[in-house]
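Q: Contents of upload12.cif (mmCIF, C-alpha atoms) are below:
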```
data_input
#
loop_
_atom_site.label_atom_id
_atom_site.label_comp_id
_atom_site.auth_asym_id
_atom_site.auth_seq_id
_atom_site.Cartn_x
_atom_site.Cartn_y
_atom_site.Cartn_z
CA MET A 284 240.55 -191.09 -131.77
CA VAL A 285 240.50 -187.85 -133.72
CA LYS A 286 243.78 -187.00 -135.40
CA ILE A 287 245.14 -183.76 -133.97
CA ASN A 288 246.91 -181.51 -136.44
CA ARG A 289 246.46 -177.75 -136.60
CA ARG A 290 249.11 -177.29 -139.28
CA GLU A 291 251.73 -178.30 -136.75
CA PHE A 292 252.98 -181.69 -135.66
CA VAL A 293 252.81 -182.04 -131.89
CA LYS A 294 254.10 -185.05 -130.00
CA SER A 295 251.75 -186.17 -127.30
CA THR A 296 253.13 -187.99 -124.26
CA ALA A 297 251.62 -188.42 -120.82
CA TRP A 298 248.92 -185.76 -121.29
CA THR A 299 246.13 -188.13 -120.34
CA THR A 300 247.23 -188.33 -116.71
CA LEU A 301 249.23 -185.17 -116.08
CA ALA A 302 248.24 -181.51 -115.68
CA ILE A 303 250.04 -178.19 -115.76
CA THR A 304 250.46 -175.98 -112.71
CA GLY A 305 250.79 -172.93 -114.98
CA VAL A 306 254.18 -172.03 -113.47
CA GLY A 307 257.33 -173.17 -115.20
CA GLY A 308 255.68 -176.00 -117.06
CA LEU A 309 256.08 -178.25 -114.03
CA ILE A 310 253.90 -181.33 -113.76
CA SER A 311 251.22 -180.95 -111.11
CA SER A 312 251.42 -182.89 -107.89
CA ASN A 313 249.70 -186.22 -107.36
CA ALA A 314 247.37 -184.50 -104.90
CA SER A 315 246.28 -181.98 -107.53
CA ALA A 316 245.71 -184.74 -110.08
CA ALA A 317 243.69 -186.69 -107.51
CA ARG A 318 241.50 -183.66 -106.81
CA LEU A 319 240.81 -183.28 -110.53
CA VAL A 320 239.84 -186.93 -110.89
CA ALA A 321 237.56 -186.64 -107.86
CA ALA A 322 235.97 -183.47 -109.24
CA ARG A 323 235.45 -185.11 -112.63
CA GLY A 324 233.54 -187.90 -111.02
CA LYS A 325 230.86 -185.55 -109.69
CA ARG A 326 229.00 -184.92 -112.95
CA GLU A 327 229.18 -184.71 -116.74
CA ILE A 328 231.02 -181.87 -118.43
CA ARG A 329 228.51 -180.72 -121.05
CA ILE A 330 229.86 -178.93 -124.11
CA GLY A 331 228.21 -177.01 -126.95
CA VAL A 332 230.08 -176.65 -130.25
CA ILE A 333 229.61 -173.53 -132.39
CA GLY A 334 231.39 -174.01 -135.70
CA CYS A 335 231.68 -177.61 -136.93
CA GLY A 336 234.39 -177.33 -139.58
CA GLY A 337 237.83 -178.85 -139.20
CA ARG A 338 238.86 -176.71 -136.26
CA GLY A 339 235.57 -177.04 -134.42
CA THR A 340 235.56 -180.81 -134.90
CA GLY A 341 239.18 -180.99 -133.77
CA ALA A 342 238.48 -178.87 -130.68
CA ALA A 343 235.46 -181.02 -129.82
CA GLY A 344 237.65 -184.10 -130.05
CA ASN A 345 240.26 -182.43 -127.82
CA ALA A 346 237.57 -181.63 -125.26
CA LEU A 347 236.32 -185.22 -125.23
CA GLU A 348 239.88 -186.53 -124.88
CA ALA A 349 240.47 -184.18 -121.97
CA SER A 350 237.98 -186.03 -119.76
CA PRO A 351 235.98 -189.25 -119.96
CA ASP A 352 233.14 -187.31 -118.33
CA ALA A 353 232.91 -184.77 -121.16
CA ARG A 354 230.15 -185.02 -123.76
CA ILE A 355 228.79 -182.88 -126.57
CA VAL A 356 225.21 -181.70 -125.98
CA ALA A 357 224.70 -179.30 -128.92
CA TYR A 358 226.13 -178.52 -132.34
CA GLY A 359 225.72 -175.35 -134.37
CA ASP A 360 226.97 -174.39 -137.83
CA LEU A 361 225.91 -172.27 -140.77
CA PHE A 362 225.80 -175.39 -142.96
CA PRO A 363 223.92 -178.57 -141.94
CA GLU A 364 226.37 -180.92 -143.66
CA ARG A 365 229.12 -179.67 -141.36
CA ILE A 366 227.22 -180.97 -138.34
CA THR A 367 226.80 -184.35 -140.02
CA SER A 368 230.51 -184.39 -140.87
CA ALA A 369 231.50 -183.42 -137.31
CA GLN A 370 229.48 -186.24 -135.74
CA SER A 371 230.95 -188.66 -138.23
CA GLY A 372 234.46 -187.46 -137.46
CA LEU A 373 233.86 -187.93 -133.74
CA GLU A 374 232.17 -191.32 -133.96
CA SER A 375 235.06 -193.03 -132.14
CA PHE A 376 233.82 -191.26 -128.99
CA GLY A 377 230.51 -193.11 -129.24
CA GLU A 378 227.51 -191.71 -127.42
CA ARG A 379 229.56 -188.83 -125.97
CA ALA A 380 229.63 -187.17 -129.41
CA LYS A 381 226.09 -187.98 -130.54
CA VAL A 382 223.48 -185.23 -130.31
CA ALA A 383 219.75 -185.39 -131.03
CA SER A 384 218.61 -183.39 -134.05
CA ALA A 385 216.60 -181.07 -131.78
CA GLN A 386 219.87 -179.77 -130.37
CA CYS A 387 221.62 -179.33 -133.73
CA PHE A 388 221.23 -175.79 -135.06
CA THR A 389 221.97 -174.29 -138.48
CA GLY A 390 222.00 -170.85 -140.06
CA PHE A 391 223.52 -167.54 -139.06
CA ASP A 392 221.67 -167.70 -135.72
CA ALA A 393 222.82 -171.26 -134.90
CA TYR A 394 225.01 -169.91 -132.11
CA GLN A 395 221.93 -168.67 -130.27
CA GLY A 396 220.44 -172.15 -130.27
CA VAL A 397 223.62 -173.74 -128.90
CA ILE A 398 224.00 -171.07 -126.20
CA ALA A 399 220.42 -171.71 -125.05
CA VAL A 400 221.16 -175.40 -124.39
CA PRO A 401 222.28 -176.03 -120.77
CA CYS A 402 226.02 -176.74 -120.84
CA ASP A 403 229.22 -176.12 -118.91
CA TYR A 404 231.02 -174.38 -121.75
CA VAL A 405 230.80 -173.59 -125.44
CA ILE A 406 233.49 -174.04 -128.05
CA LEU A 407 233.65 -171.06 -130.44
CA ALA A 408 235.35 -172.19 -133.65
CA THR A 409 233.60 -170.48 -136.56
CA PRO A 410 235.58 -168.24 -138.94
CA PRO A 411 237.11 -165.51 -136.72
CA GLY A 412 235.02 -162.66 -138.08
CA PHE A 413 232.05 -164.04 -136.14
CA ARG A 414 233.95 -164.52 -132.86
CA PRO A 415 233.09 -161.19 -131.14
CA ILE A 416 229.36 -161.65 -131.86
CA HIS A 417 229.33 -165.21 -130.56
CA PHE A 418 231.56 -164.57 -127.55
CA SER A 419 229.64 -161.54 -126.32
CA ALA A 420 226.39 -163.52 -126.64
CA ALA A 421 227.88 -166.45 -124.71
CA VAL A 422 229.15 -164.23 -121.91
CA ALA A 423 225.82 -162.37 -121.71
CA ALA A 424 224.16 -165.78 -121.25
CA GLY A 425 226.58 -166.69 -118.46
CA LYS A 426 228.45 -169.35 -120.42
CA ASN A 427 232.06 -170.42 -119.91
CA ALA A 428 233.90 -170.67 -123.22
CA PHE A 429 236.78 -172.02 -125.22
CA VAL A 430 237.54 -169.32 -127.82
CA GLU A 431 239.60 -170.33 -130.79
CA LYS A 432 242.20 -167.85 -131.97
CA PRO A 433 242.11 -165.25 -133.43
CA VAL A 434 239.24 -163.59 -131.61
CA ALA A 435 238.48 -160.77 -134.07
CA VAL A 436 239.48 -159.38 -137.45
CA ASP A 437 239.25 -155.63 -136.78
CA PRO A 438 239.60 -153.10 -133.92
CA THR A 439 235.82 -152.93 -133.43
CA GLY A 440 235.77 -156.65 -132.74
CA ILE A 441 238.72 -156.38 -130.35
CA ARG A 442 236.97 -153.66 -128.35
CA THR A 443 233.95 -155.96 -128.11
CA MET A 444 236.18 -158.78 -126.82
CA LEU A 445 237.89 -156.56 -124.25
CA ALA A 446 234.54 -155.31 -122.95
CA ALA A 447 233.28 -158.90 -122.72
CA SER A 448 236.44 -159.88 -120.84
CA LEU A 449 235.47 -157.49 -118.03
CA GLU A 450 232.05 -159.14 -117.92
CA VAL A 451 233.74 -162.56 -117.71
CA ASP A 452 235.50 -161.40 -114.54
CA ALA A 453 232.37 -159.83 -113.11
CA LYS A 454 230.35 -163.02 -113.65
CA LYS A 455 233.24 -165.27 -112.53
CA LEU A 456 233.16 -167.23 -115.77
CA ARG A 457 236.07 -169.27 -117.14
CA VAL A 458 237.55 -168.73 -120.60
CA ALA A 459 240.43 -170.55 -122.31
CA ALA A 460 241.85 -169.45 -125.66
CA GLY A 461 243.25 -171.40 -128.60
CA THR A 462 246.76 -169.94 -128.27
CA GLN A 463 247.91 -173.43 -127.38
CA ARG A 464 251.59 -172.59 -126.91
CA ARG A 465 250.62 -171.13 -123.52
CA HIS A 466 249.46 -174.63 -122.52
CA GLU A 467 252.45 -176.56 -123.89
CA TRP A 468 254.95 -177.76 -121.32
CA CYS A 469 258.14 -176.97 -123.26
CA TYR A 470 256.94 -173.37 -123.77
CA LEU A 471 255.82 -173.00 -120.17
CA GLU A 472 259.15 -174.15 -118.79
CA ALA A 473 261.15 -172.04 -121.26
CA MET A 474 259.11 -168.93 -120.47
CA GLN A 475 259.53 -169.48 -116.73
CA ARG A 476 263.30 -169.74 -117.23
CA ILE A 477 263.26 -166.55 -119.31
CA LYS A 478 261.27 -164.83 -116.56
CA ASP A 479 263.82 -166.04 -114.03
CA GLY A 480 266.66 -164.43 -115.99
CA ALA A 481 268.07 -167.34 -118.01
CA ILE A 482 268.77 -165.05 -120.99
CA GLY A 483 269.09 -161.78 -119.05
CA ARG A 484 266.78 -158.92 -119.97
CA VAL A 485 264.63 -159.67 -123.03
CA VAL A 486 265.52 -157.09 -125.67
CA ALA A 487 264.34 -158.48 -129.04
CA ALA A 488 262.60 -161.31 -130.84
CA ARG A 489 262.20 -162.79 -134.30
CA VAL A 490 259.01 -164.76 -134.97
CA PHE A 491 258.12 -166.72 -138.10
CA TRP A 492 255.31 -168.61 -139.78
CA ASN A 493 256.56 -169.25 -143.30
CA MET A 494 254.97 -172.09 -145.26
CA GLY A 495 253.44 -173.13 -148.56
CA SER A 496 249.81 -173.06 -149.60
CA LEU A 497 246.64 -174.08 -147.75
CA TRP A 498 243.24 -175.43 -148.77
CA ASN A 499 241.05 -173.46 -151.15
CA VAL A 500 237.35 -173.75 -152.03
CA PRO A 501 236.69 -172.40 -155.54
CA PRO A 502 233.48 -170.36 -155.95
CA LEU A 503 230.42 -171.98 -157.51
CA ILE A 504 227.99 -169.97 -159.63
CA MET A 505 224.93 -171.50 -157.92
CA ARG A 506 226.07 -170.14 -154.54
CA SER A 507 225.62 -166.57 -153.36
CA ASP A 508 228.59 -164.27 -152.83
CA VAL A 509 228.26 -164.65 -149.07
CA GLU A 510 228.20 -168.44 -149.20
CA ASN A 511 231.19 -168.59 -151.55
CA GLN A 512 233.17 -166.30 -149.28
CA VAL A 513 232.24 -168.11 -146.06
CA ARG A 514 233.13 -171.49 -147.55
CA ASN A 515 236.49 -170.04 -148.66
CA TRP A 516 236.87 -167.92 -145.52
CA LEU A 517 240.68 -168.05 -145.22
CA TYR A 518 241.00 -165.70 -148.19
CA HIS A 519 238.61 -162.93 -147.14
CA THR A 520 239.80 -160.40 -144.59
CA TRP A 521 236.34 -159.83 -143.08
CA LEU A 522 236.26 -163.52 -142.14
CA SER A 523 239.88 -164.49 -141.39
CA GLY A 524 241.68 -161.21 -140.77
CA ASP A 525 244.29 -162.39 -143.34
CA HIS A 526 246.86 -165.07 -142.49
CA ILE A 527 248.94 -162.72 -140.34
CA VAL A 528 245.94 -162.65 -137.98
CA GLU A 529 244.47 -166.11 -138.50
CA GLN A 530 247.73 -168.06 -138.28
CA HIS A 531 250.74 -165.90 -137.40
CA VAL A 532 248.95 -164.69 -134.25
CA HIS A 533 250.46 -167.76 -132.55
CA ASN A 534 254.01 -166.49 -133.00
CA ILE A 535 253.13 -162.88 -132.24
CA ASP A 536 251.48 -164.11 -129.05
CA VAL A 537 254.79 -165.70 -128.00
CA ALA A 538 256.61 -162.41 -128.64
CA ASN A 539 254.08 -160.58 -126.45
CA TRP A 540 254.45 -163.29 -123.80
CA ALA A 541 258.22 -162.95 -123.73
CA MET A 542 258.08 -159.15 -123.73
CA GLY A 543 255.38 -159.08 -121.05
CA SER A 544 253.49 -156.51 -123.12
CA HIS A 545 251.73 -155.83 -126.39
CA PRO A 546 253.67 -153.72 -128.94
CA SER A 547 253.42 -149.95 -128.76
CA ARG A 548 253.80 -149.28 -132.49
CA CYS A 549 254.69 -150.95 -135.78
CA VAL A 550 255.56 -150.47 -139.42
CA ALA A 551 255.17 -153.22 -142.00
CA VAL A 552 255.43 -154.38 -145.60
CA GLY A 553 253.42 -157.02 -147.42
CA GLY A 554 251.69 -157.94 -150.62
CA ARG A 555 250.60 -160.78 -152.90
CA GLN A 556 252.76 -162.24 -155.62
CA SER A 557 251.49 -165.81 -155.99
CA ARG A 558 247.82 -165.39 -155.07
CA THR A 559 246.78 -163.19 -157.94
CA ASP A 560 243.39 -164.71 -158.82
CA GLN A 561 240.80 -162.90 -156.72
CA ARG A 562 238.08 -165.44 -157.51
CA GLU A 563 240.11 -168.16 -155.80
CA PHE A 564 242.19 -166.17 -153.31
CA GLY A 565 239.97 -163.29 -152.30
CA ASN A 566 241.65 -160.14 -151.08
CA ILE A 567 244.34 -161.29 -148.63
CA PHE A 568 248.11 -160.95 -148.96
CA ASP A 569 250.50 -163.89 -149.27
CA HIS A 570 253.42 -162.36 -147.34
CA PHE A 571 254.04 -159.92 -144.48
CA ALA A 572 257.00 -158.55 -142.53
CA VAL A 573 256.40 -156.34 -139.50
CA ASP A 574 258.72 -154.42 -137.21
CA PHE A 575 256.97 -154.29 -133.82
CA GLU A 576 258.27 -151.86 -131.21
CA TYR A 577 257.70 -152.65 -127.54
CA PRO A 578 257.93 -150.39 -124.49
CA GLN A 579 261.32 -150.09 -122.82
CA ALA A 580 261.93 -152.40 -119.90
CA GLU A 581 263.72 -151.36 -116.73
CA GLY A 582 267.42 -151.05 -117.52
CA ASP A 583 266.93 -150.52 -121.26
CA THR A 584 268.07 -147.39 -123.06
CA GLU A 585 266.12 -148.11 -126.26
CA PRO A 586 262.69 -149.60 -127.02
CA ARG A 587 262.63 -153.35 -127.57
CA PHE A 588 261.50 -154.82 -130.88
CA ALA A 589 260.28 -157.97 -132.60
CA LEU A 590 260.67 -158.80 -136.27
CA SER A 591 257.64 -160.73 -137.49
CA MET A 592 257.56 -162.64 -140.77
CA ALA A 593 254.65 -164.59 -142.27
CA ARG A 594 254.43 -166.14 -145.71
CA GLN A 595 252.12 -168.58 -147.51
CA GLU A 596 253.75 -169.16 -150.89
CA GLU A 597 254.26 -172.53 -152.52
CA GLY A 598 257.86 -173.58 -153.21
CA THR A 599 259.36 -171.32 -150.53
CA ALA A 600 261.42 -172.14 -147.44
CA GLY A 601 259.34 -173.07 -144.41
CA ARG A 602 259.99 -171.84 -140.89
CA VAL A 603 257.71 -171.81 -137.84
CA GLU A 604 259.48 -170.72 -134.68
CA GLU A 605 260.14 -167.93 -132.19
CA VAL A 606 263.62 -166.69 -131.26
CA ILE A 607 263.87 -164.57 -128.11
CA TYR A 608 267.03 -162.51 -127.53
CA GLY A 609 268.25 -161.44 -124.11
CA THR A 610 271.31 -159.63 -122.84
CA THR A 611 273.03 -162.93 -121.88
CA GLY A 612 271.42 -165.60 -124.03
CA VAL A 613 268.97 -166.67 -126.71
CA ALA A 614 265.86 -168.90 -126.53
CA ARG A 615 264.62 -170.84 -129.56
CA LEU A 616 261.09 -172.19 -129.41
CA THR A 617 258.86 -174.21 -131.68
CA SER A 618 256.08 -176.67 -131.03
CA GLY A 619 257.57 -179.65 -129.21
CA SER A 620 261.00 -178.10 -128.71
CA ALA A 621 262.69 -175.41 -126.61
CA GLN A 622 266.36 -174.51 -126.14
CA ILE A 623 268.36 -171.77 -124.45
CA THR A 624 271.95 -170.92 -125.36
CA GLY A 625 274.26 -168.49 -123.59
CA GLU A 626 275.37 -168.24 -119.98
CA LYS A 627 272.65 -170.64 -118.74
CA PRO A 628 272.21 -173.25 -121.49
CA TRP A 629 269.22 -175.57 -121.31
CA THR A 630 267.32 -177.94 -123.57
CA PHE A 631 263.82 -179.19 -122.86
CA LYS A 632 263.91 -182.97 -122.54
CA GLY A 633 260.26 -183.66 -121.78
CA PRO A 634 257.93 -185.26 -121.29
CA ASN A 635 255.90 -182.90 -123.44
CA ASN A 636 252.11 -182.79 -123.67
CA ASN A 637 249.47 -182.32 -126.35
CA PRO A 638 248.63 -178.63 -125.88
CA TYR A 639 245.40 -178.86 -127.88
CA VAL A 640 244.05 -181.27 -125.29
CA GLN A 641 245.71 -179.42 -122.40
CA GLU A 642 243.70 -176.29 -123.22
CA HIS A 643 240.53 -178.22 -122.42
CA ILE A 644 242.01 -180.00 -119.40
CA ASP A 645 242.86 -176.59 -117.94
CA LEU A 646 239.44 -175.13 -118.75
CA GLN A 647 237.53 -178.14 -117.42
CA LYS A 648 239.62 -178.17 -114.26
CA ALA A 649 238.94 -174.46 -113.67
CA ILE A 650 235.20 -175.01 -114.14
CA LEU A 651 235.09 -178.04 -111.83
CA ASP A 652 237.39 -176.59 -109.16
CA GLY A 653 235.92 -173.10 -109.30
CA THR A 654 239.35 -171.54 -109.88
CA PRO A 655 239.72 -168.34 -111.97
CA LEU A 656 240.68 -168.62 -115.65
CA ASN A 657 240.23 -165.80 -118.15
CA GLU A 658 242.53 -165.73 -121.18
CA THR A 659 240.34 -163.29 -123.12
CA LYS A 660 242.44 -160.14 -122.67
CA GLN A 661 245.67 -161.95 -123.50
CA VAL A 662 244.38 -163.44 -126.75
CA ALA A 663 242.57 -160.20 -127.67
CA GLU A 664 245.79 -158.20 -127.29
CA SER A 665 247.77 -160.71 -129.35
CA THR A 666 245.06 -160.67 -132.01
CA MET A 667 245.10 -156.86 -132.01
CA SER A 668 248.89 -156.91 -132.39
CA ALA A 669 248.46 -158.99 -135.55
CA ILE A 670 245.63 -156.74 -136.79
CA MET A 671 247.84 -153.69 -136.24
CA GLY A 672 250.57 -155.36 -138.32
CA ARG A 673 248.07 -156.03 -141.11
CA MET A 674 246.78 -152.46 -140.96
CA ALA A 675 250.33 -151.15 -141.30
CA ALA A 676 251.10 -153.47 -144.23
CA TYR A 677 247.83 -152.80 -146.07
CA SER A 678 248.12 -149.02 -145.73
CA GLY A 679 251.87 -148.44 -145.72
CA ALA A 680 251.37 -146.25 -142.63
CA GLU A 681 252.99 -146.51 -139.22
CA PHE A 682 250.54 -147.28 -136.41
CA THR A 683 250.64 -146.76 -132.68
CA TRP A 684 248.74 -149.18 -130.45
CA GLU A 685 246.33 -146.44 -129.36
CA ALA A 686 245.57 -145.33 -132.92
CA ALA A 687 245.06 -148.88 -134.17
CA LEU A 688 242.86 -149.98 -131.26
CA SER A 689 240.64 -146.89 -131.48
CA ASP A 690 240.24 -147.12 -135.28
CA PRO A 691 236.51 -147.34 -136.23
CA MET A 692 237.16 -150.12 -138.78
CA ASN A 693 234.39 -152.74 -138.78
CA LEU A 694 234.73 -155.37 -141.51
CA MET A 695 231.54 -157.27 -140.67
CA PRO A 696 228.76 -156.77 -143.29
CA PRO A 697 225.80 -154.81 -141.89
CA SER A 698 223.43 -157.72 -142.57
CA LEU A 699 224.32 -161.41 -142.28
CA GLN A 700 222.34 -163.41 -144.81
CA PHE A 701 222.99 -165.33 -147.99
CA GLY A 702 223.05 -162.95 -150.92
CA PRO A 703 225.30 -160.59 -152.86
CA LEU A 704 228.42 -159.19 -151.18
CA LEU A 705 230.95 -157.16 -153.10
CA GLN A 706 234.44 -158.43 -152.41
CA ALA A 707 236.74 -155.77 -150.96
CA PRO A 708 239.62 -154.89 -153.27
CA VAL A 709 243.17 -156.03 -152.56
CA ALA A 710 244.89 -153.36 -150.49
CA ILE A 711 247.61 -151.27 -152.15
CA PRO A 712 250.02 -149.65 -149.64
CA GLY A 713 250.17 -145.89 -149.88
CA ARG A 714 246.70 -145.53 -151.37
CA GLY A 715 244.71 -145.46 -148.15
CA GLY A 716 242.66 -148.11 -146.43
CA CYS A 717 243.80 -150.80 -144.00
#
```
Represent the structure from my file as C-alpha cells, please.
A:
Amino acid sequence: MVKINRREFVKSTAWTTLAITGVGGLISSNASAARLVAARGKREIRIGVIGCGGRGTGAAGNALEASPDARIVAYGDLFPERITSAQSGLESFGERAKVASAQCFTGFDAYQGVIAVPCDYVILATPPGFRPIHFSAAVAAGKNAFVEKPVAVDPTGIRTMLAASLEVDAKKLRVAAGTQRRHEWCYLEAMQRIKDGAIGRVVAARVFWNMGSLWNVPPLIMRSDVENQVRNWLYHTWLSGDHIVEQHVHNIDVANWAMGSHPSRCVAVGGRQSRTDQREFGNIFDHFAVDFEYPQAEGDTEPRFALSMARQEEGTAGRVEEVIYGTTGVARLTSGSAQITGEKPWTFKGPNNNPYVQEHIDLQKAILDGTPLNETKQVAESTMSAIMGRMAAYSGAEFTWEAALSDPMNLMPPSLQFGPLLQAPVAIPGRGGC
C-alpha cells in the first residue's frame, strides 16, 4: 500500500470498515455501512488524477484504499515523468492504478484531457496556483471533484472558487476538500462537544504550524524560468501562496471551524531570516504571526480573536496544534489527539481513522448515495483567511475581510508556457505590495 504522510503522522485504525456520520465524530450505524457496501457493488468508481506529484499520488492511493471498486482512468501532469512515477508508486494496487497511454495527458492543458475522460470524480492536486483554473473547468464539465488545499493563492482565485461553488450546488455535484481535519474522528467529536458547550462560549484560539525545512529543487540552467519555478513551487507565491497558505491553512481552518466564521480583519508580521538565497528559496517568507479578529458572538462584549503562528526554519522548536479557548474550558487538538480541560474534561480515546482516506470515503459515498456534499466554500474561506494573513504580513497593512477579498490581485502569469518569467521580489513590509 501507499505510505500516507502529508507532513503529519496519522494513526489509522478501523477506517477500512467504518464511516463518519459527520456529527460528533460518531461511527455510522451498521445499516449505513451496509448501504454503502451495497452501493459500491453497483459499479466502478472511476477517478481522474490531475497533478501526479507526491500529493496527487498520495491522494490517488487514498482514493483507491477508500473502495475496492475505485480505479484510476486518467492521469494528467505538466511533466510526463511524474505520470510514470505515479503509476510506479501505485503499483501495489495492480490494474486499478494502470492507465493506457492514450488517457495520460501532459503539458499545461493536461487537465482538459483528464476532464474529458468519463469519470465519477477528478482529483485536483497540482500546485495551488492552478487550482481555480482546473476547478472551474471541472465544474463547467459537470465533474465531481476532490480539491486539495489550498484552493487559490490570491483573491482573484478565491472569487473564482466561490463562483464555482454556486455552480456546484446548481448542478448538484459533490466536492470534498483536502482539509482532512474535518474528516478525522477525534476532531469531529471534539468540535461537536465544543458546539454543545463543553468549553462554554468560544472566545479565542491559538493555532500553530512551526517546523523545520522542507524539500527544495535547485534551479538548472538548461530549464526555463517557468519550469524551474514550477518544479520548486513551494517557494514561489504565485504557485504556493507561501507556506502560511499552502500549509498553515489547516490550522487556520480549525480556528474558523471553532469560531463558526471566517475572520473579519487581521494584522500580521513576517519575514525571512534563514531563506535568504532567492535562487533556491524564491520569494516566500520563512515565518509569520497573524492576529485574526472574528465577529462577536452572542453574549460577547468584545470581538473574538485567534493568534496564528507559522514557521519553517531549521533548528527551531516544532509545534503543530490548535488550542481553542472558551469561557469554561480549553480544547487542545492535533492530528490523532484531542483533549478538553475545564468544567467538562474529556480525552478522545478512539478508535481514530485515517482522515486522508476518509475524505475519499465520504466523497465516494456522497456520489454513490446521491447525498449533497460541497466543501468548496468552507475551504475557499479558510484559504482566503490565510491569504489575508499573508497580505497583511507582506504589506505591513491591516486588512478587513471585505478589502482583502475584493482586492484585484492576480498572481497567475498572463500566459502559461515554458519560457522566461521574472521572479517577484521578496516583499518588504511598509513598502507597498502584498
Q: At most 8 Å from (256.5, -154.1, -144.8), file frame, all atoms listed in the file: which residues, as number ranges by chain?
A: A: 550-553, 571-574, 675-676, 679
Q: Go through A:Gln512, A:Ser350, A:Gln395, A:Thr462 and flag the residue nearest Ala423 (chain A), using all atoms listed in the file for the distances.
A: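 Selected residue with least distance to Ala423 (chain A): A:Gln395.
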Q: When distances are computed from only C-alpha atoms, which of A:Arg379, A:His519, A:Arg714, A:His533 shows the smallest separation from Ala460 (chain A)?
A: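 Of A:Arg379, A:His519, A:Arg714, A:His533, the one nearest Ala460 (chain A), counting only C-alpha atoms, is A:His533.
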Q: If you apply the PyMOL selection byres ((chain A and resi 612) around 9) to this file, what residues do you get, as a list in words?
A: Ala481, Ile482, Gly483, Ile607, Tyr608, Gly609, Thr610, Thr611, Val613, Ala614, Ile623, Thr624, Gly625, Glu626, Lys627 and Pro628 of chain A
Q: For the selection just defined, write its residues with C-alpha atoms to a file, as a compact mmCIF listing (two decimals), in the frame of the given file.
A:
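Final output, saved to result.txt:
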```
# COMPACT_ATOMS: atom_id res chain seq x y z
CA ALA A 481 268.07 -167.34 -118.01
CA ILE A 482 268.77 -165.05 -120.99
CA GLY A 483 269.09 -161.78 -119.05
CA ILE A 607 263.87 -164.57 -128.11
CA TYR A 608 267.03 -162.51 -127.53
CA GLY A 609 268.25 -161.44 -124.11
CA THR A 610 271.31 -159.63 -122.84
CA THR A 611 273.03 -162.93 -121.88
CA VAL A 613 268.97 -166.67 -126.71
CA ALA A 614 265.86 -168.90 -126.53
CA ILE A 623 268.36 -171.77 -124.45
CA THR A 624 271.95 -170.92 -125.36
CA GLY A 625 274.26 -168.49 -123.59
CA GLU A 626 275.37 -168.24 -119.98
CA LYS A 627 272.65 -170.64 -118.74
CA PRO A 628 272.21 -173.25 -121.49
```
Q: If you measure from CA of Ala369 (chain A) to CA of Gly339 (chain A), what distance in Å do you get, rounded to one decimal?
A: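 Value for the CA of Ala369 (chain A)-CA of Gly339 (chain A) distance: 8.1 Å.
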Q: Report the distance between CA of Arg489 (chain A) and CA of Val606 (chain A) in Å, rounded to one decimal place.
A: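 So the two atoms, CA of Arg489 (chain A) and CA of Val606 (chain A), lie 5.1 Å apart.
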Q: Go through the shown structure with the PyMOL selection byres ((chain A and resi 592) around 7) and write out the matching residues as a PyMOL selection string.
A: chain A and resi 490-492+571-573+590-591+593-594
Q: Nearest to Arg354 (chain A): which of A:Gly341, A:Pro433, A:Gly336, A:Gly377 is it, counting all atoms listed in the file?
A: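 Closest to Arg354 (chain A) of all the choices is A:Gly377.
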Q: Could you list, as a list of chain:residue names, every residue matched by the PyMOL selection byres ((chain A and resi 543) around 10) in this structure?
A: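 After applying the PyMOL selection byres ((chain A and resi 543) around 10), what remains is A:Lys478, A:Val485, A:Val537, A:Ala538, A:Asn539, A:Trp540, A:Ala541, A:Met542, A:Ser544, A:His545, A:Pro546, A:Tyr577, A:Pro578, A:Ala580.
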Q: Check the smallest atom-to-atom distance from each of A:Met505, A:Cys469, A:Ala680, A:Met695 to Arg615 (chain A) using all atoms listed in the file, then report the winner.
A: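 Selected residue with least distance to Arg615 (chain A): A:Cys469.
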